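Coordinates from coords-v1.csv are shown below (CSV, C-alpha atoms).
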chain,number,residue,atom,x,y,z
A,22,MET,CA,25.2,-30.4,103.4
A,23,SER,CA,26.8,-27.0,103.1
A,24,ASN,CA,25.2,-23.6,102.3
A,25,ILE,CA,27.3,-20.8,101.0
A,26,HIS,CA,26.0,-17.3,100.7
A,27,THR,CA,28.0,-14.8,98.6
A,28,SER,CA,27.8,-11.3,97.5
A,29,THR,CA,30.4,-9.0,95.9
A,30,GLU,CA,31.1,-7.2,99.2
A,31,ASP,CA,30.1,-9.3,102.1
A,32,PRO,CA,32.1,-12.1,103.7
A,33,VAL,CA,31.1,-15.6,102.7
A,34,HIS,CA,29.3,-17.5,105.4
A,35,VAL,CA,29.8,-21.3,105.1
A,36,ASP,CA,27.4,-23.4,107.1
A,37,GLU,CA,29.1,-26.8,107.2
A,38,GLY,CA,27.4,-29.4,109.4
A,39,GLY,CA,26.8,-26.9,112.1
A,40,HIS,CA,30.2,-25.2,111.8
A,41,GLN,CA,30.0,-21.5,110.9
A,42,VAL,CA,32.9,-20.4,108.8
A,43,VAL,CA,33.4,-16.8,107.6
A,44,LEU,CA,35.6,-16.3,104.5
A,45,HIS,CA,36.3,-13.0,103.0
A,46,PRO,CA,35.5,-13.0,99.3
A,47,THR,CA,38.5,-10.9,98.3
A,48,ASP,CA,40.8,-13.5,99.7
A,49,ASN,CA,38.9,-16.8,99.3
A,50,ASP,CA,35.9,-16.7,97.0
A,51,LEU,CA,37.8,-18.2,94.0
A,52,PHE,CA,39.0,-21.0,96.1
A,53,VAL,CA,35.5,-21.6,97.5
A,54,ARG,CA,34.2,-21.9,94.0
A,55,THR,CA,37.1,-24.1,93.0
A,56,GLY,CA,36.6,-26.2,96.1
A,57,ARG,CA,33.0,-26.8,95.3
A,58,GLN,CA,33.8,-27.8,91.7
A,59,VAL,CA,36.6,-30.1,92.8
A,60,ILE,CA,34.4,-31.8,95.4
A,61,GLU,CA,31.8,-32.5,92.8
A,62,ALA,CA,34.1,-33.4,89.9
A,63,CYS,CA,36.4,-35.6,92.0
A,64,GLN,CA,33.6,-37.0,94.2
A,65,LEU,CA,35.7,-36.3,97.2
A,66,SER,CA,32.8,-36.9,99.7
A,67,ILE,CA,33.9,-34.0,101.9
A,68,GLY,CA,32.4,-30.6,102.5
A,69,ILE,CA,33.8,-27.2,101.5
A,70,HIS,CA,34.9,-26.5,105.0
A,71,VAL,CA,37.1,-29.6,105.1
A,72,TRP,CA,38.3,-29.0,101.6
A,73,LEU,CA,39.4,-25.5,102.6
A,74,GLU,CA,41.2,-26.9,105.6
A,75,GLU,CA,43.0,-29.3,103.4
A,76,LEU,CA,43.9,-26.5,101.0
A,77,LYS,CA,45.3,-24.4,103.9
A,78,GLU,CA,47.4,-27.2,105.1
A,79,MET,CA,48.6,-28.1,101.6
A,80,LEU,CA,49.7,-24.5,100.8
A,81,ALA,CA,51.5,-24.2,104.2
A,82,PHE,CA,53.3,-27.5,103.3
A,83,VAL,CA,54.2,-26.1,99.9
A,84,GLU,CA,55.5,-22.9,101.5
A,85,ARG,CA,57.8,-24.9,103.8
A,86,TRP,CA,58.9,-27.0,100.9
A,87,CYS,CA,59.9,-23.8,99.1
A,88,VAL,CA,61.7,-22.4,102.1
A,89,GLN,CA,63.8,-25.5,102.2
A,90,ARG,CA,64.8,-24.9,98.5
A,91,GLU,CA,65.3,-21.2,98.6
A,92,ALA,CA,68.5,-21.5,96.6
A,93,GLN,CA,66.4,-22.9,93.7
A,94,ILE,CA,63.1,-21.1,94.1
A,95,ALA,CA,62.4,-17.4,93.8
A,96,GLY,CA,58.7,-17.5,94.1
A,97,CYS,CA,55.5,-19.6,94.2
A,98,VAL,CA,51.9,-18.7,93.5
A,99,ALA,CA,48.6,-20.7,93.6
A,100,GLU,CA,45.4,-20.3,91.8
A,101,GLY,CA,42.1,-22.1,91.8
A,102,ARG,CA,41.1,-22.8,88.2
A,103,GLY,CA,38.0,-24.7,87.4
A,104,SER,CA,38.1,-28.0,89.2
A,105,LYS,CA,41.8,-27.9,89.9
A,106,VAL,CA,44.4,-26.1,91.9
A,107,LEU,CA,47.4,-24.8,89.9
A,108,ILE,CA,50.7,-24.1,91.7
A,109,LEU,CA,53.4,-22.4,89.8
A,110,PHE,CA,57.0,-22.1,90.9
A,111,ILE,CA,59.5,-19.5,89.6
A,112,PRO,CA,63.0,-20.8,89.6
A,113,ARG,CA,66.0,-18.6,90.3
A,114,GLY,CA,67.7,-18.0,86.9
A,115,ASP,CA,66.1,-17.6,83.5
A,116,THR,CA,66.0,-21.2,82.4
A,117,PHE,CA,64.0,-24.3,83.1
A,118,ASN,CA,65.4,-26.0,86.1
A,119,PHE,CA,65.7,-29.7,85.4
A,120,ASP,CA,66.5,-30.7,89.0
A,121,LEU,CA,63.6,-28.7,90.3
A,122,ALA,CA,61.4,-30.3,87.7
A,123,SER,CA,62.2,-33.8,89.0
A,124,GLU,CA,61.6,-32.6,92.6
A,125,LEU,CA,58.2,-31.2,91.6
A,126,ALA,CA,57.1,-34.6,90.2
A,127,VAL,CA,57.8,-36.1,93.6
A,128,LEU,CA,56.1,-33.2,95.4
A,129,ASN,CA,53.0,-33.6,93.2
A,130,ARG,CA,52.6,-37.2,94.2
A,131,GLN,CA,53.1,-36.2,97.9
A,132,LEU,CA,50.4,-33.6,97.7
A,133,VAL,CA,47.8,-35.7,96.1
A,134,THR,CA,48.4,-38.6,98.4
A,135,THR,CA,48.7,-36.5,101.6
A,136,PHE,CA,45.9,-34.0,101.1
A,137,ASN,CA,42.3,-34.7,100.0
A,138,ILE,CA,42.3,-31.8,97.6
A,139,GLY,CA,41.5,-33.3,94.2
A,140,TYR,CA,43.5,-32.5,91.1
A,141,VAL,CA,46.6,-30.4,91.7
A,142,GLU,CA,48.9,-29.3,88.8
A,143,LEU,CA,52.4,-28.1,89.4
A,144,GLY,CA,54.7,-26.3,87.1
A,145,GLN,CA,57.5,-23.9,86.7
A,146,ILE,CA,57.6,-20.7,84.7
A,147,PRO,CA,60.0,-17.8,84.2
A,148,SER,CA,59.1,-14.7,86.3
A,149,SER,CA,58.8,-12.6,83.2
A,150,ASP,CA,55.9,-14.7,81.9
A,151,LEU,CA,53.9,-15.2,85.1
A,152,HIS,CA,51.2,-12.9,83.9
A,153,ARG,CA,50.5,-15.3,81.0
A,154,PHE,CA,49.6,-18.1,83.3
A,155,VAL,CA,47.9,-16.7,86.3
A,156,ASP,CA,45.4,-14.0,86.9
A,157,PRO,CA,47.0,-11.3,89.0
A,158,GLU,CA,43.7,-10.6,90.6
A,159,LYS,CA,43.2,-14.2,91.7
A,160,ALA,CA,46.6,-15.7,92.2
A,161,ARG,CA,47.8,-16.2,95.7
A,162,ASN,CA,51.4,-15.6,96.7
A,163,ILE,CA,52.7,-18.7,98.5
A,164,TYR,CA,56.4,-17.9,98.7
A,165,GLY,CA,58.8,-15.2,97.6
A,166,GLN,CA,58.6,-11.5,97.2
A,167,SER,CA,55.7,-11.1,94.8
A,168,ASN,CA,55.8,-7.5,93.8
A,169,ALA,CA,59.6,-7.4,93.5
A,170,THR,CA,59.9,-10.7,91.8
A,171,TYR,CA,56.9,-10.7,89.5
A,172,GLY,CA,57.1,-7.2,88.3
A,173,ALA,CA,53.6,-6.1,87.2
A,174,VAL,CA,51.9,-9.1,88.7
A,175,ALA,CA,50.5,-8.1,92.1
A,176,ALA,CA,50.0,-11.6,93.5
A,177,GLN,CA,48.1,-11.4,96.7
A,178,PRO,CA,49.5,-12.7,100.0
A,179,ASN,CA,48.7,-16.3,100.9
A,180,PRO,CA,45.6,-16.1,103.1
A,181,PHE,CA,46.0,-19.6,104.3
A,182,VAL,CA,49.4,-19.4,105.8
A,183,GLY,CA,49.9,-17.7,109.2
A,184,HIS,CA,46.3,-16.5,109.5
A,185,SER,CA,42.8,-17.7,108.5
A,186,ASP,CA,39.2,-17.5,109.4
A,187,ILE,CA,38.9,-21.2,109.0
A,188,PRO,CA,38.9,-22.8,112.5
A,189,SER,CA,41.7,-25.4,113.0
B,25,MET,CA,52.3,-47.7,69.2
B,26,GLU,CA,51.9,-46.4,65.7
B,27,GLN,CA,51.3,-42.9,67.0
B,28,TRP,CA,54.4,-43.1,69.2
B,29,ARG,CA,56.5,-44.0,66.2
B,30,HIS,CA,54.8,-41.4,64.0
B,31,ASN,CA,55.6,-38.6,66.5
B,32,ARG,CA,59.1,-39.8,67.2
B,33,ILE,CA,60.1,-39.6,63.6
B,34,LEU,CA,59.0,-36.0,63.5
B,35,LEU,CA,61.4,-35.1,66.3
B,36,SER,CA,64.3,-35.3,63.8
B,37,VAL,CA,62.6,-33.0,61.3
B,38,ILE,CA,61.7,-30.0,63.5
B,39,PRO,CA,64.5,-27.4,63.3
B,40,THR,CA,66.3,-26.6,66.6
B,41,SER,CA,65.2,-23.0,66.1
B,42,HIS,CA,61.9,-24.1,67.4
B,43,PRO,CA,62.6,-25.9,70.7
B,44,ASP,CA,59.0,-25.2,71.9
B,45,TRP,CA,57.7,-27.5,69.1
B,46,ILE,CA,60.4,-30.1,69.7
B,47,ILE,CA,59.3,-30.2,73.3
B,48,THR,CA,55.7,-30.4,72.4
B,49,VAL,CA,56.2,-33.3,70.0
B,50,THR,CA,58.5,-35.0,72.6
B,51,PHE,CA,55.7,-34.8,75.1
B,52,TYR,CA,53.2,-36.4,72.7
B,53,THR,CA,55.7,-39.1,71.8
B,54,ALA,CA,55.9,-39.9,75.5
B,55,LEU,CA,52.1,-39.7,75.8
B,56,HIS,CA,51.5,-42.2,73.1
B,57,ALA,CA,54.0,-44.6,74.7
B,58,VAL,CA,52.1,-44.2,78.0
B,59,ASP,CA,48.7,-44.6,76.3
B,60,ALA,CA,49.9,-47.9,74.8
B,61,LEU,CA,50.8,-49.1,78.2
B,62,LEU,CA,47.5,-48.0,79.8
B,63,GLU,CA,45.6,-49.8,77.0
B,64,PHE,CA,47.8,-52.9,77.5
B,65,ASP,CA,46.9,-52.7,81.2
B,66,GLY,CA,43.2,-52.3,80.5
B,67,VAL,CA,43.0,-48.8,82.1
B,68,GLN,CA,39.8,-47.2,80.9
B,69,ARG,CA,38.3,-43.7,80.8
B,70,VAL,CA,41.6,-41.9,80.2
B,71,HIS,CA,40.3,-39.3,78.0
B,72,SER,CA,42.1,-36.1,79.1
B,73,HIS,CA,45.4,-34.9,80.4
B,74,GLU,CA,43.9,-34.7,83.9
B,75,SER,CA,42.6,-38.2,83.9
B,76,ARG,CA,45.8,-39.6,82.6
B,77,ASN,CA,47.9,-37.6,85.1
B,78,ASN,CA,45.7,-38.8,87.9
B,79,VAL,CA,46.2,-42.4,87.0
B,80,LEU,CA,50.0,-42.0,86.6
B,81,ASN,CA,50.4,-40.0,89.8
B,82,ARG,CA,48.3,-42.3,92.0
B,83,THR,CA,49.3,-45.7,90.8
B,84,ARG,CA,52.4,-47.4,92.2
B,85,ARG,CA,53.0,-49.4,89.0
B,86,TYR,CA,53.5,-46.1,87.1
B,87,GLU,CA,55.6,-44.3,89.7
B,88,LYS,CA,58.8,-44.3,87.6
B,89,ILE,CA,56.9,-43.1,84.6
B,90,TRP,CA,55.2,-40.3,86.5
B,91,ASP,CA,58.6,-39.0,87.8
B,92,HIS,CA,59.7,-38.4,84.1
B,93,TYR,CA,56.3,-37.7,82.6
B,94,GLN,CA,55.3,-34.9,84.9
B,95,PRO,CA,58.3,-32.6,84.1
B,96,LEU,CA,57.7,-33.2,80.4
B,97,TYR,CA,54.0,-32.5,80.7
B,98,ASP,CA,54.8,-29.3,82.6
B,99,LEU,CA,57.5,-28.2,80.2
B,100,SER,CA,55.3,-28.8,77.1
B,101,ARG,CA,52.3,-27.2,78.8
B,102,ARG,CA,54.0,-23.9,79.3
B,103,ILE,CA,56.7,-23.5,76.7
B,104,ARG,CA,54.4,-22.8,73.8
B,105,TYR,CA,53.1,-19.7,75.6
B,106,LEU,CA,56.3,-18.2,76.6
B,107,ALA,CA,57.6,-14.9,75.1
B,108,SER,CA,61.0,-16.4,74.6
B,109,PRO,CA,60.9,-20.2,74.5
B,110,ARG,CA,64.5,-20.4,73.3
B,111,ASP,CA,65.6,-18.7,76.5
B,112,TRP,CA,63.7,-21.2,78.7
B,113,ILE,CA,65.1,-24.3,77.0
B,114,ARG,CA,68.3,-24.2,74.9
B,115,ALA,CA,68.3,-26.5,71.9
B,116,ASP,CA,71.6,-27.9,72.9
B,117,ASP,CA,70.1,-29.1,76.2
B,118,ILE,CA,67.3,-31.1,74.5
B,119,PRO,CA,69.1,-34.3,73.7
B,120,GLY,CA,70.9,-34.7,77.1
B,121,LYS,CA,68.3,-33.1,79.4
B,122,VAL,CA,65.0,-33.7,77.7
B,123,PHE,CA,65.4,-36.9,75.7
B,124,SER,CA,67.8,-38.7,78.0
B,125,ARG,CA,66.3,-37.5,81.2
B,126,PHE,CA,62.6,-37.7,80.5
B,127,LEU,CA,61.6,-39.3,77.1
B,128,PHE,CA,63.8,-42.3,77.0
B,129,PRO,CA,63.1,-43.4,80.6
B,130,ILE,CA,59.3,-43.1,79.9
B,131,GLU,CA,59.7,-45.2,76.8
B,132,ASN,CA,61.9,-47.8,78.5
B,133,SER,CA,59.5,-48.1,81.5
B,134,ALA,CA,56.4,-48.3,79.3
B,135,HIS,CA,57.8,-50.9,77.0
B,136,GLY,CA,59.3,-52.9,79.9
B,137,LEU,CA,56.0,-53.0,81.7
B,138,MET,CA,54.4,-54.3,78.5
B,139,GLY,CA,57.1,-57.0,78.2
B,140,LEU,CA,58.4,-55.5,75.0
B,141,GLU,CA,62.0,-55.0,74.0
B,142,HIS,CA,62.7,-51.3,73.6
B,143,THR,CA,64.2,-50.8,70.2
B,144,ALA,CA,63.8,-47.2,69.4
B,145,PRO,CA,66.4,-45.5,67.2
B,146,SER,CA,68.3,-42.6,68.5
B,147,ILE,CA,67.1,-39.1,67.7
B,148,ALA,CA,69.3,-36.7,65.7
B,149,LEU,CA,68.0,-33.2,65.9
B,150,HIS,CA,67.7,-31.1,62.7
B,151,HIS,CA,70.2,-28.2,62.9
Rewrite the structure of this file - the entire thing - as structure tokens.
Amino acid sequence: MSNIHTSTEDPVHVDEGGHQVVLHPTDNDLFVRTGRQVIEACQLSIGIHVWLEELKEMLAFVERWCVQREAQIAGCVAEGRGSKVLILFIPRGDTFNFDLASELAVLNRQLVTTFNIGYVELGQIPSSDLHRFVDPEKARNIYGQSNATYGAVAAQPNPFVGHSDIPS
Amino acid sequence: MEQWRHNRILLSVIPTSHPDWIITVTFYTALHAVDALLEFDGVQRVHSHESRNNVLNRTRRYEKIWDHYQPLYDLSRRIRYLASPRDWIRADDIPGKVFSRFLFPIENSAHGLMGLEHTAPSIALHH
């Protein structure tokens, strides 16, 4: 059983089966809320600590996937929304990329069968419309130059790739 | 199956000046072909896009359908909210890249898995 204590300023302390995990609300609180909803809605039978580890690994996997397709992908952001994780890709060029779309279908299957993360939705959108689909205060930049690429949308760095307070 | 036919007929009526709505109706045409298959297979509790996507994405029998359905779902999900949908998808690309690449394979797979002969007429867009 996990206990999560939150306030608007303080770090989040997750007590998960004896493991103490400290998460900073500004980086992680939305994903903590999403994780709890996903665990309940999808009956995943895992705790929030394990779910966050799965999320971290999944987003690192997605980042590597983007790097391998840098000729097609300009940027990628993720957002926890209700009981799902939404990952949006910005293709290079101004039009829907049909080849990338087919690759995303395969990636989507890979993600849900590899990571115990619940419902994950993938999509692609033009850079100029990113603000219509994600909250700039909550979206996490997974790949690409967020400020330069997304204009007014100040997507935050991916807190799960490269560093984390979640013990591995 | 009636809903599938009903939506499919509409595709030829929507003007190409509105590719966002052609895409939306294309998606719902595919969705009704999929729902007919799920009903045929006795799949229950598919009452939302999420539950339907979960079944398609996690079931080997539906793997081919998912590979074509997911791009169409994504496209229809976003295009209605874009500032310039006609820039995102050109009307000229719809027959070759949306119908042929996504819709027809979904219909073929769904009908094939139900043991039906696929006899849908071609779709001529309204210019």
task: With a distance threshold of 7 Å and counting all atoms listed in the file, extract the residues of chain A near chain B and express them as a PyMOL selection string.
output: chain A and resi 115-117+122-123+126-127+130+144+150
Write a file of the just-selected residues containing C-alpha atoms, as a compact mmCIF listing (two decimals), keeping the file's coordinate frame.
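Result saved to again-v8.txt:
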# COMPACT_ATOMS: atom_id res chain seq x y z
CA ASP A 115 66.10 -17.60 83.50
CA THR A 116 66.00 -21.20 82.40
CA PHE A 117 64.00 -24.30 83.10
CA ALA A 122 61.40 -30.30 87.70
CA SER A 123 62.20 -33.80 89.00
CA ALA A 126 57.10 -34.60 90.20
CA VAL A 127 57.80 -36.10 93.60
CA ARG A 130 52.60 -37.20 94.20
CA GLY A 144 54.70 -26.30 87.10
CA ASP A 150 55.90 -14.70 81.90
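For the atom pair formed by CA of Ser148 in chain A and CA of Leu76 in chain A, the distance is 24.2 Å, given to one decimal.
Those residues that approach range 33-50 of chain B to within 7 Å, counting only C-alpha atoms, are Arg29, Ala54, Ser100, Ile103, Arg104, Pro109, Arg110, Ile113, Ala115, Leu127, Ile147, Ala148, Leu149, His150 and His151 of chain B; same-chain residues fewer than 4 positions away are not listed.
Across the model, the gap from CA of Leu62 in chain B to CA of Asn137 in chain A is 24.7 Å.
What separates CA of Leu65 in chain A from CA of Ser104 in chain A is a distance of 11.8 Å.
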Quick one: residues within 12 Å of Met79 in chain A, only C-alpha atoms, excluding same-chain residues fewer than 2 positions away - as an mmCIF file with C-alpha atoms, in the frame of the given file?
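Result written to around_37.cif:
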data_model
loop_
_atom_site.group_PDB
_atom_site.id
_atom_site.type_symbol
_atom_site.label_atom_id
_atom_site.label_comp_id
_atom_site.auth_asym_id
_atom_site.auth_seq_id
_atom_site.Cartn_x
_atom_site.Cartn_y
_atom_site.Cartn_z
ATOM 1 C CA TRP A 72 38.300 -29.000 101.600
ATOM 2 C CA LEU A 73 39.400 -25.500 102.600
ATOM 3 C CA GLU A 74 41.200 -26.900 105.600
ATOM 4 C CA GLU A 75 43.000 -29.300 103.400
ATOM 5 C CA LEU A 76 43.900 -26.500 101.000
ATOM 6 C CA LYS A 77 45.300 -24.400 103.900
ATOM 7 C CA ALA A 81 51.500 -24.200 104.200
ATOM 8 C CA PHE A 82 53.300 -27.500 103.300
ATOM 9 C CA VAL A 83 54.200 -26.100 99.900
ATOM 10 C CA GLU A 84 55.500 -22.900 101.500
ATOM 11 C CA ARG A 85 57.800 -24.900 103.800
ATOM 12 C CA TRP A 86 58.900 -27.000 100.900
ATOM 13 C CA ALA A 99 48.600 -20.700 93.600
ATOM 14 C CA VAL A 106 44.400 -26.100 91.900
ATOM 15 C CA ILE A 108 50.700 -24.100 91.700
ATOM 16 C CA LEU A 128 56.100 -33.200 95.400
ATOM 17 C CA ASN A 129 53.000 -33.600 93.200
ATOM 18 C CA GLN A 131 53.100 -36.200 97.900
ATOM 19 C CA LEU A 132 50.400 -33.600 97.700
ATOM 20 C CA VAL A 133 47.800 -35.700 96.100
ATOM 21 C CA THR A 134 48.400 -38.600 98.400
ATOM 22 C CA THR A 135 48.700 -36.500 101.600
ATOM 23 C CA PHE A 136 45.900 -34.000 101.100
ATOM 24 C CA ASN A 137 42.300 -34.700 100.000
ATOM 25 C CA ILE A 138 42.300 -31.800 97.600
ATOM 26 C CA GLY A 139 41.500 -33.300 94.200
ATOM 27 C CA VAL A 141 46.600 -30.400 91.700
ATOM 28 C CA ILE A 163 52.700 -18.700 98.500
ATOM 29 C CA ASN A 179 48.700 -16.300 100.900
ATOM 30 C CA PHE A 181 46.000 -19.600 104.300
ATOM 31 C CA VAL A 182 49.400 -19.400 105.800
#
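Counting all atoms listed in the file and comparing A:Gly101, A:Val88, A:Ile94, A:Ser149, the residue that lies closest to Val53 in chain A is A:Gly101.
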Around all the atoms of range 38-43 of chain B listed in the file, draw an axis-aligned box and extend it by 4 Å on each of the six sides; I want its centre and edge lengths in Å to one decimal, as AutoDock Vina command-line options.
--center_x 64.0 --center_y -26.5 --center_z 67.0 --size_x 12.6 --size_y 15.0 --size_z 15.4
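In this comparison, which uses only C-alpha atoms, the residue of B:Met25, B:Glu131, B:Phe51, B:Gly120 approaching Glu63 in chain B most closely is B:Met25.
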